[in-house]
$ cat model32.json   # JSON, C-alpha atoms and all ligand atoms
[["chain", "number", "residue", "atom", "x", "y", "z"],
["I", 782, "MET", "CA", -16.24, 7.22, -11.83],
["I", 783, "LYS", "CA", -13.38, 4.78, -12.04],
["I", 784, "TRP", "CA", -9.93, 6.26, -11.40],
["I", 785, "THR", "CA", -7.30, 5.59, -14.02],
["I", 786, "ALA", "CA", -3.53, 6.06, -13.86],
["I", 787, "ARG", "CA", -3.91, 8.90, -16.34],
["I", 788, "LYS", "CA", -6.45, 10.70, -14.15],
["I", 789, "LEU", "CA", -4.37, 10.16, -11.06],
["I", 790, "ARG", "CA", -1.49, 11.89, -12.75],
["I", 791, "GLU", "CA", -3.63, 14.99, -13.02],
["I", 792, "LEU", "CA", -3.72, 15.30, -9.23],
["I", 793, "LYS", "CA", -0.20, 16.76, -9.42],
["I", 794, "GLY", "CA", 0.00, 20.09, -7.65],
["I", 795, "GLY", "CA", -3.64, 20.18, -6.51],
["I", 796, "ASP", "CA", -5.06, 19.73, -3.02],
["I", 797, "PRO", "CA", -3.30, 16.83, -1.33],
["I", 798, "PHE", "CA", -5.07, 13.48, -1.71],
["I", 799, "ALA", "CA", -5.21, 10.49, 0.63],
["I", 800, "ALA", "CA", -4.49, 6.90, -0.35],
["I", 801, "LEU", "CA", -4.55, 3.70, 1.72],
["I", 802, "THR", "CA", -3.54, 0.09, 1.56],
["I", 803, "ALA", "CA", -6.27, -2.54, 1.22],
["I", 804, "TYR", "CA", -5.91, -6.30, 1.57],
["I", 805, "ASP", "CA", -9.39, -7.79, 1.32],
["I", 806, "ALA", "CA", -13.06, -7.04, 0.71],
["I", 807, "PHE", "CA", -13.47, -5.28, 4.07],
["I", 808, "THR", "CA", -10.58, -2.82, 3.71],
["I", 809, "GLY", "CA", -11.12, -2.43, -0.04],
["I", 810, "ARG", "CA", -14.74, -1.35, 0.46],
["I", 811, "ILE", "CA", -13.81, 1.12, 3.19],
["I", 812, "ALA", "CA", -11.13, 2.78, 1.07],
["I", 813, "ASP", "CA", -13.40, 2.83, -1.97],
["I", 814, "GLU", "CA", -16.46, 4.21, -0.16],
["I", 815, "ALA", "CA", -14.31, 7.01, 1.29],
["I", 816, "GLY", "CA", -13.73, 8.06, -2.31],
["I", 817, "LEU", "CA", -9.96, 7.62, -2.21],
["I", 818, "PRO", "CA", -8.47, 7.82, -5.70],
["I", 819, "LEU", "CA", -5.99, 5.01, -5.08],
["I", 820, "CYS", "CA", -5.77, 1.90, -2.96],
["I", 821, "LEU", "CA", -2.63, -0.17, -2.76],
["I", 822, "VAL", "CA", -2.61, -3.89, -2.16],
["I", 823, "GLY", "CA", 0.72, -3.47, -0.39],
["I", 824, "ASP", "CA", 3.13, -6.26, 0.37],
["I", 825, "SER", "CA", 2.77, -4.88, 3.90],
["I", 826, "LEU", "CA", 0.16, -7.65, 3.72],
["I", 827, "ALA", "CA", 3.07, -9.68, 5.09],
["I", 828, "GLY", "CA", 2.93, -8.11, 8.54],
["I", 829, "THR", "CA", -0.61, -6.78, 8.72],
["I", 830, "VAL", "CA", -2.44, -9.92, 7.65],
["I", 831, "LEU", "CA", -0.11, -12.88, 7.19],
["I", 832, "GLY", "CA", 1.99, -12.64, 10.36],
["I", 833, "TYR", "CA", 5.44, -12.42, 8.75],
["I", 834, "ASP", "CA", 8.19, -10.28, 10.29],
["I", 835, "ASP", "CA", 9.02, -8.41, 7.07],
["I", 836, "THR", "CA", 7.85, -8.27, 3.46],
["I", 837, "LEU", "CA", 10.44, -10.66, 2.02],
["I", 838, "PRO", "CA", 8.49, -13.94, 2.32],
["I", 839, "VAL", "CA", 5.31, -12.79, 0.54],
["I", 840, "THR", "CA", 4.70, -14.69, -2.70],
["I", 841, "MET", "CA", 2.99, -13.80, -5.96],
["I", 842, "ASP", "CA", 0.23, -16.26, -5.15],
["I", 843, "GLU", "CA", -0.43, -14.62, -1.78],
["I", 844, "MET", "CA", -0.45, -11.17, -3.37],
["I", 845, "LEU", "CA", -2.77, -12.32, -6.16],
["I", 846, "HIS", "CA", -5.16, -13.93, -3.67],
["I", 847, "HIS", "CA", -5.56, -10.63, -1.79],
["I", 848, "ALA", "CA", -5.44, -8.36, -4.84],
["I", 849, "ALA", "CA", -8.28, -10.38, -6.37],
["I", 850, "ALA", "CA", -10.43, -9.87, -3.25],
["I", 851, "VAL", "CA", -9.86, -6.10, -3.50],
["I", 852, "GLY", "CA", -10.53, -6.29, -7.24],
["I", 853, "ARG", "CA", -13.96, -7.85, -6.63],
["I", 854, "VAL", "CA", -15.27, -5.01, -4.46],
["I", 855, "VAL", "CA", -13.50, -1.79, -5.43],
["I", 856, "THR", "CA", -15.44, 0.13, -8.06],
["I", 857, "SER", "CA", -13.88, 3.59, -8.07],
["I", 858, "ALA", "CA", -10.34, 3.67, -6.64],
["I", 859, "LEU", "CA", -7.36, 2.82, -8.81],
["I", 860, "ILE", "CA", -6.15, -0.58, -7.59],
["I", 861, "VAL", "CA", -2.36, -0.82, -7.43],
["I", 862, "ALA", "CA", -0.80, -4.19, -6.60],
["I", 863, "ASP", "CA", 2.60, -4.32, -4.96],
["I", 864, "MET", "CA", 5.15, -6.49, -6.77],
["I", 865, "PRO", "CA", 6.52, -8.85, -4.09],
["I", 866, "PHE", "CA", 10.19, -9.57, -3.41],
["I", 867, "MET", "CA", 11.80, -11.67, -6.19],
["I", 868, "SER", "CA", 8.84, -11.35, -8.55],
["I", 869, "TYR", "CA", 10.76, -8.75, -10.57],
["I", 870, "GLN", "CA", 14.34, -8.56, -9.30],
["I", 871, "PRO", "CA", 15.81, -11.43, -11.37],
["I", 872, "SER", "CA", 15.02, -9.93, -14.79],
["I", 873, "VAL", "CA", 12.87, -7.49, -16.73],
["I", 874, "ALA", "CA", 11.08, -10.44, -18.34],
["I", 875, "ASP", "CA", 10.23, -11.90, -14.92],
["I", 876, "GLY", "CA", 9.00, -8.50, -13.78],
["I", 877, "LEU", "CA", 6.83, -7.97, -16.82],
["I", 878, "ARG", "CA", 5.30, -11.44, -16.49],
["I", 879, "SER", "CA", 4.59, -10.93, -12.77],
["I", 880, "ALA", "CA", 3.10, -7.49, -13.36],
["I", 881, "GLY", "CA", 0.83, -8.85, -16.07],
["I", 882, "ARG", "CA", -0.59, -11.49, -13.73],
["I", 883, "PHE", "CA", -2.08, -8.77, -11.50],
["I", 884, "LEU", "CA", -3.97, -7.30, -14.45],
["I", 885, "LYS", "CA", -4.95, -10.66, -15.94],
["I", 886, "GLN", "CA", -5.87, -12.58, -12.79],
["I", 887, "ALA", "CA", -6.77, -10.03, -10.10],
["I", 888, "ARG", "CA", -8.34, -7.08, -11.92],
["I", 889, "SER", "CA", -5.62, -4.75, -10.64],
["I", 890, "ASP", "CA", -5.16, -1.52, -12.58],
["I", 891, "ALA", "CA", -1.45, -0.96, -11.99],
["I", 892, "VAL", "CA", 1.56, -2.30, -10.11],
["I", 893, "LYS", "CA", 4.05, -0.77, -7.71],
["I", 894, "ILE", "CA", 7.76, -1.46, -8.04],
["I", 895, "GLU", "CA", 10.41, -0.60, -5.43],
["I", 896, "GLY", "CA", 13.59, 1.08, -6.64],
["I", 897, "GLY", "CA", 14.90, 4.02, -8.63],
["I", 898, "ALA", "CA", 17.21, 4.30, -11.63],
["I", 899, "HIS", "CA", 17.98, 0.57, -11.64],
["I", 900, "ARG", "CA", 14.27, -0.19, -12.19],
["I", 901, "ALA", "CA", 13.84, 2.26, -15.07],
["I", 902, "GLU", "CA", 14.10, -0.47, -17.69],
["I", 903, "LEU", "CA", 11.39, -2.56, -16.05],
["I", 904, "ILE", "CA", 9.13, 0.46, -15.54],
["I", 905, "SER", "CA", 9.43, 1.34, -19.26],
["I", 906, "ALA", "CA", 8.83, -2.26, -20.28],
["I", 907, "CYS", "CA", 5.65, -2.41, -18.20],
["I", 908, "ARG", "CA", 4.42, 0.86, -19.56],
["I", 909, "GLU", "CA", 5.16, -0.08, -23.17],
["I", 910, "ASN", "CA", 3.10, -3.19, -22.59],
["I", 911, "GLY", "CA", 0.10, -1.43, -21.11],
["I", 912, "ILE", "CA", 0.83, -1.81, -17.41],
["I", 913, "PRO", "CA", 0.85, 1.47, -15.43],
["I", 914, "VAL", "CA", 3.53, 1.64, -12.74],
["I", 915, "LEU", "CA", 3.67, 3.41, -9.42],
["I", 916, "GLY", "CA", 7.30, 3.96, -8.41],
["I", 917, "HIS", "CA", 8.60, 3.69, -4.83],
["I", 918, "ILE", "CA", 11.84, 5.24, -3.61],
["I", 919, "GLY", "CA", 13.43, 6.24, -0.32],
["I", 920, "LEU", "CA", 13.07, 3.48, 2.24],
["I", 921, "THR", "CA", 12.33, 0.37, 0.20],
["I", 922, "PRO", "CA", 11.47, -2.38, 2.70],
["I", 923, "GLN", "CA", 12.33, -5.26, 0.35],
["I", 924, "SER", "CA", 15.96, -4.12, 0.70],
["I", 925, "VAL", "CA", 15.88, -4.18, 4.51],
["I", 926, "ARG", "CA", 18.65, -6.80, 4.74],
["I", 927, "GLU", "CA", 20.92, -4.64, 2.60],
["I", 928, "ILE", "CA", 19.98, -1.37, 4.31],
["I", 929, "GLY", "CA", 20.34, -3.00, 7.73],
["I", 930, "GLY", "CA", 17.06, -1.79, 9.22],
["I", 931, "TYR", "CA", 14.11, 0.49, 8.63],
["I", 932, "ARG", "CA", 15.86, 3.81, 8.79],
["I", 933, "ILE", "CA", 15.29, 7.24, 7.34],
["I", 934, "GLN", "CA", 16.81, 7.78, 3.89],
["I", 935, "GLY", "CA", 18.26, 10.91, 2.33],
["I", 936, "ARG", "CA", 20.06, 12.47, 5.28],
["I", 937, "GLU", "CA", 23.49, 12.73, 3.61],
["I", 938, "PRO", "CA", 24.06, 15.11, 0.67],
["I", 939, "GLU", "CA", 25.08, 12.28, -1.68],
["I", 940, "GLU", "CA", 21.98, 10.32, -0.71],
["I", 941, "VAL", "CA", 19.85, 13.38, -1.44],
["I", 942, "ARG", "CA", 21.38, 13.57, -4.92],
["I", 943, "ARG", "CA", 20.86, 9.87, -5.51],
["I", 944, "LEU", "CA", 17.22, 10.03, -4.43],
["I", 945, "LEU", "CA", 16.58, 13.03, -6.67],
["I", 946, "ASP", "CA", 18.18, 11.14, -9.58],
["I", 947, "ASP", "CA", 16.08, 8.07, -8.73],
["I", 948, "ALA", "CA", 12.90, 10.14, -8.69],
["I", 949, "MET", "CA", 13.73, 11.66, -12.08],
["I", 950, "ALA", "CA", 14.60, 8.25, -13.53],
["I", 951, "VAL", "CA", 11.30, 6.77, -12.35],
["I", 952, "GLU", "CA", 9.38, 9.67, -13.88],
["I", 953, "GLN", "CA", 11.40, 9.49, -17.10],
["I", 954, "ALA", "CA", 10.72, 5.76, -17.36],
["I", 955, "GLY", "CA", 6.99, 6.50, -17.36],
["I", 956, "ALA", "CA", 5.71, 5.92, -13.82],
["I", 957, "PHE", "CA", 2.37, 7.70, -13.28],
["I", 958, "ALA", "CA", 3.26, 8.61, -9.67],
["I", 959, "VAL", "CA", 5.89, 7.72, -7.08],
["I", 960, "VAL", "CA", 5.78, 6.75, -3.41],
["I", 961, "LEU", "CA", 8.35, 8.53, -1.23],
["I", 962, "GLU", "CA", 8.98, 6.58, 1.95],
["I", 963, "CYS", "CA", 10.69, 7.75, 5.13],
["I", 964, "MET", "CA", 12.82, 10.77, 4.27],
["I", 965, "PRO", "CA", 13.19, 14.30, 5.63],
["I", 966, "ALA", "CA", 10.20, 16.52, 4.86],
["I", 967, "SER", "CA", 12.55, 18.91, 3.08],
["I", 968, "LEU", "CA", 13.57, 16.18, 0.64],
["I", 969, "GLY", "CA", 9.93, 15.15, 0.10],
["I", 970, "ALA", "CA", 9.24, 18.77, -0.83],
["I", 971, "LYS", "CA", 12.28, 18.99, -3.09],
["I", 972, "ILE", "CA", 11.41, 15.84, -5.03],
["I", 973, "THR", "CA", 7.74, 16.89, -5.28],
["I", 974, "GLU", "CA", 8.82, 20.18, -6.79],
["I", 975, "ALA", "CA", 11.25, 18.55, -9.22],
["I", 976, "LEU", "CA", 8.75, 16.06, -10.67],
["I", 977, "THR", "CA", 5.78, 16.51, -12.97],
["I", 978, "ILE", "CA", 4.09, 13.31, -11.66],
["I", 979, "PRO", "CA", 2.42, 13.17, -8.22],
["I", 980, "THR", "CA", 4.45, 12.12, -5.21],
["I", 981, "ILE", "CA", 2.68, 10.06, -2.57],
["I", 982, "GLY", "CA", 4.43, 10.35, 0.77],
["I", 983, "ILE", "CA", 4.63, 8.02, 3.72],
["I", 984, "GLY", "CA", 6.91, 9.69, 6.23],
["I", 985, "ALA", "CA", 8.01, 12.22, 3.61],
["I", 986, "GLY", "CA", 6.42, 15.38, 4.98],
["I", 987, "PRO", "CA", 3.39, 17.54, 4.18],
["I", 988, "ASP", "CA", 4.44, 18.83, 0.76],
["I", 989, "CYS", "CA", 3.93, 15.61, -1.19],
["I", 990, "ASP", "CA", 0.99, 15.61, -3.63],
["I", 991, "GLY", "CA", -0.66, 12.77, -1.69],
["I", 992, "GLN", "CA", -0.24, 10.81, 1.52],
["I", 993, "VAL", "CA", -0.53, 7.05, 1.95],
["I", 994, "LEU", "CA", -0.85, 5.01, 5.15],
["I", 995, "VAL", "CA", -1.17, 1.34, 5.91],
["I", 996, "ILE", "CA", -4.87, 0.95, 6.78],
["I", 997, "SER", "CA", -4.07, -1.41, 9.66],
["I", 998, "ASP", "CA", -1.86, 1.28, 11.21],
["I", 999, "LEU", "CA", -4.48, 3.99, 10.73],
["I", 1000, "LEU", "CA", -7.19, 1.81, 12.29],
["I", 1001, "GLY", "CA", -4.97, 0.59, 15.12],
["I", 1002, "MET", "CA", -5.34, -3.06, 14.12],
["I", 1003, "ASN", "CA", -1.80, -3.89, 15.13],
["I", 1004, "ARG", "CA", -0.41, -3.41, 18.59],
["I", 1005, "GLY", "CA", 3.14, -2.51, 19.35],
["I", 1006, "ARG", "CA", 5.34, 0.32, 18.32],
["I", 1007, "ALA", "CA", 4.56, 2.14, 15.10],
["I", 1008, "PRO", "CA", 6.95, 4.30, 13.08],
["I", 1009, "ARG", "CA", 6.87, 8.06, 13.66],
["I", 1010, "PHE", "CA", 5.00, 8.65, 10.37],
["I", 1011, "VAL", "CA", 1.98, 6.62, 11.51],
["I", 1012, "LYS", "CA", -1.08, 8.33, 12.92],
["I", 1013, "ARG", "CA", -3.63, 6.07, 14.61],
["I", 1014, "TYR", "CA", -7.11, 7.35, 13.90],
["I", 1015, "ALA", "CA", -8.82, 4.47, 15.73],
["I", 1016, "ASP", "CA", -8.00, 1.65, 18.13],
["I", 1017, "PHE", "CA", -9.54, -1.38, 16.44],
["I", 1018, "ALA", "CA", -7.38, -3.93, 18.24],
["I", 1019, "SER", "CA", -8.58, -2.81, 21.68],
["I", 1020, "GLU", "CA", -12.17, -2.57, 20.49],
["I", 1021, "ALA", "CA", -12.02, -6.05, 18.98],
["I", 1022, "GLN", "CA", -10.45, -7.46, 22.15],
["I", 1023, "ARG", "CA", -13.15, -5.85, 24.27],
["I", 1024, "ALA", "CA", -15.93, -7.24, 22.06],
["I", 1025, "VAL", "CA", -14.52, -10.77, 22.03],
["I", 1026, "GLU", "CA", -14.04, -10.80, 25.81],
["I", 1027, "ALA", "CA", -17.58, -9.48, 26.34],
["I", 1028, "PHE", "CA", -18.88, -12.36, 24.20],
["I", 1029, "ARG", "CA", -16.77, -14.86, 26.15],
["I", 1030, "ASP", "CA", -18.08, -13.53, 29.48],
["I", 1031, "GLU", "CA", -21.73, -13.43, 28.39],
["I", 1032, "VAL", "CA", -21.58, -17.00, 27.16],
["I", 1033, "GLY", "CA", -19.96, -18.14, 30.42],
["I", 1034, "SER", "CA", -22.55, -16.36, 32.54],
["I", 1035, "ARG", "CA", -25.51, -17.44, 30.33],
["I", 1036, "ARG", "CA", -26.38, -13.84, 29.37],
["I", 1037, "PHE", "CA", -25.92, -14.80, 25.72],
["I", 1038, "PRO", "CA", -27.95, -15.93, 23.89],
["I", 1039, "SER", "CA", -30.95, -14.22, 25.46],
["I", 1040, "SER", "CA", -34.51, -14.60, 24.14],
["I", 1041, "GLU", "CA", -34.06, -11.86, 21.53],
["I", 1042, "HIS", "CA", -31.40, -13.98, 19.85],
["I", 1043, "CYS", "CA", -33.41, -17.20, 19.98],
["I", 1044, "TYR", "CA", -36.08, -18.63, 17.66],
["I", 1045, "GLY", "CA", -39.45, -19.43, 19.20],
["I", 1046, "GLY", "CA", -41.75, -22.37, 18.52],
["I", 1047, "ASP", "CA", -42.10, -25.77, 20.12],
["I", 1048, "ALA", "CA", -39.78, -28.63, 19.46],
["I", 1049, "ARG", "CA", -41.72, -31.87, 19.29],
["I", 1101, "LIG", "O1", 3.33, -2.29, 1.23],
["I", 1101, "LIG", "C1", 2.92, -1.16, 1.52],
["I", 1101, "LIG", "O2", 1.97, -0.98, 2.31],
["I", 1101, "LIG", "C2", 3.58, -0.01, 0.91],
["I", 1101, "LIG", "C3", 3.13, 1.35, 1.33],
["I", 1101, "LIG", "C4", 3.55, 1.63, 2.72],
["I", 1101, "LIG", "C5", 3.57, 2.40, 0.39],
["I", 1101, "LIG", "O3", 4.45, -0.19, 0.12],
["I", 1102, "NA", "NA", 5.20, -2.32, -0.06]]
$ encode --input "model32.json" --output "structure tokens"
Amino acid sequence: MKWTARKLRELKGGDPFAALTAYDAFTGRIADEAGLPLCLVGDSLAGTVLGYDDTLPVTMDEMLHHAAAVGRVVTSALIVADMPFMSYQPSVADGLRSAGRFLKQARSDAVKIEGGAHRAELISACRENGIPVLGHIGLTPQSVREIGGYRIQGREPEEVRRLLDDAMAVEQAGAFAVVLECMPASLGAKITEALTIPTIGIGAGPDCDGQVLVISDLLGMNRGRAPRFVKRYADFASEAQRAVEAFRDEVGSRRFPSSEHCYGGDAR
């Protein structure tokens, strides 16, 4: 069964569902084979795969390149492509054109757009033109320069009101679900209760309709400090390091290749 935006919407209020980012054939297949309803080609690609410090430098071409890889292998999950910084901010027309490229060129099913009430017009325009949109409010990393760091959102009463208004605006504009990033669990619960579309939390507490993590964080592919909302379910970086160093040592000490990895026969 292939997940659609419409079907995903029906997950509202049911058992919580898990979603993950995917950036290539490897991560796309893993997410898909786990039966996740949604995988997000996040612009977190910037840090996890491309070595940038934040998400601002990622281009449409880079996003399309990775979204297309995911599009080739994922058969069941809904594929949502993240709209990169400056692919939609200048105008609604720019945003619509950028969004369309993911569906035309990369076999994505939907796009994700950061922002609340001020993105309502773009969200409606996408939807009216057949492009499902996943909203994203709370901490929106493309605004890190303006925010002044990756910090929790919605701690002050007026911020709580603004985020509730943003959530409502995104729903009203026609988003099929909304990501809530980095806010008190109580606010995640409040927004989830107020909306009729699913909320997908990342650092927004246990009451969201779904939870999303960056697959590289979950697998422990990146070293260094992770935000509080990350849970590492594996330590891939250490395992990869161990494997590569074992190979290095076995080559140096002539233990690899041994006869089982060699072809027989006489060279004449
Ligand atoms: O880019 C990304 O990975 C995201 C998720 C964390 C929601 O936007
Ligand atoms: Na993102």
$ closest_residue --input "model32.json" --among "I:Ile983, I:Leu831, I:Ala891, I:Ile860" --to "Val914 in chain I" --atoms "all atoms listed in the file"
I:Ala891
$ residues_near_ligand --input "model32.json" --ligand "ligand NA 1102 (chain I)" --cutoff "8 Å" --atoms "all atoms listed in the file" --output "list in words"
Gly823, Asp824, Ser825, Thr836, Asp863, Met864, Pro865, Lys893, Glu895, Thr921, Pro922 and Gln923 of chain I
$ residues_around --input "model32.json" --residues "Gly986 in chain I" --least-positions-apart "2" --cutoff "10 Å" --atoms "all atoms listed in the file" --output "NGL selection string"
:I and (961-970 or 981-984 or 988-989 or 992 or 1010)
$ residues_around --input "model32.json" --residues "Ile918 in chain I" --least-positions-apart "6" --cutoff "8 Å" --atoms "only C-alpha atoms" --output "list in words"
Glu895, Gly896, Gly897, Leu944, Asp947, Ala948, Val959, Val960, Leu961 and Glu962 of chain I
$ axis_aligned_box --input "model32.json" --around "ligand LIG 1101 (chain I)" --padding-each-side "6 Å" --output "AutoDock Vina command-line options"
--center_x 3.2 --center_y 0.1 --center_z 1.4 --size_x 14.5 --size_y 16.7 --size_z 14.6
$ atom_distance --input "model32.json" --atom1 "CA of Ala880 in chain I" --atom2 "CA of Thr840 in chain I"
13.0 Å
$ closest_residue --input "model32.json" --among "I:Tyr804, I:Val1011, I:Gly828, I:Ala858" --to "Trp784 in chain I" --atoms "only C-alpha atoms"
I:Ala858
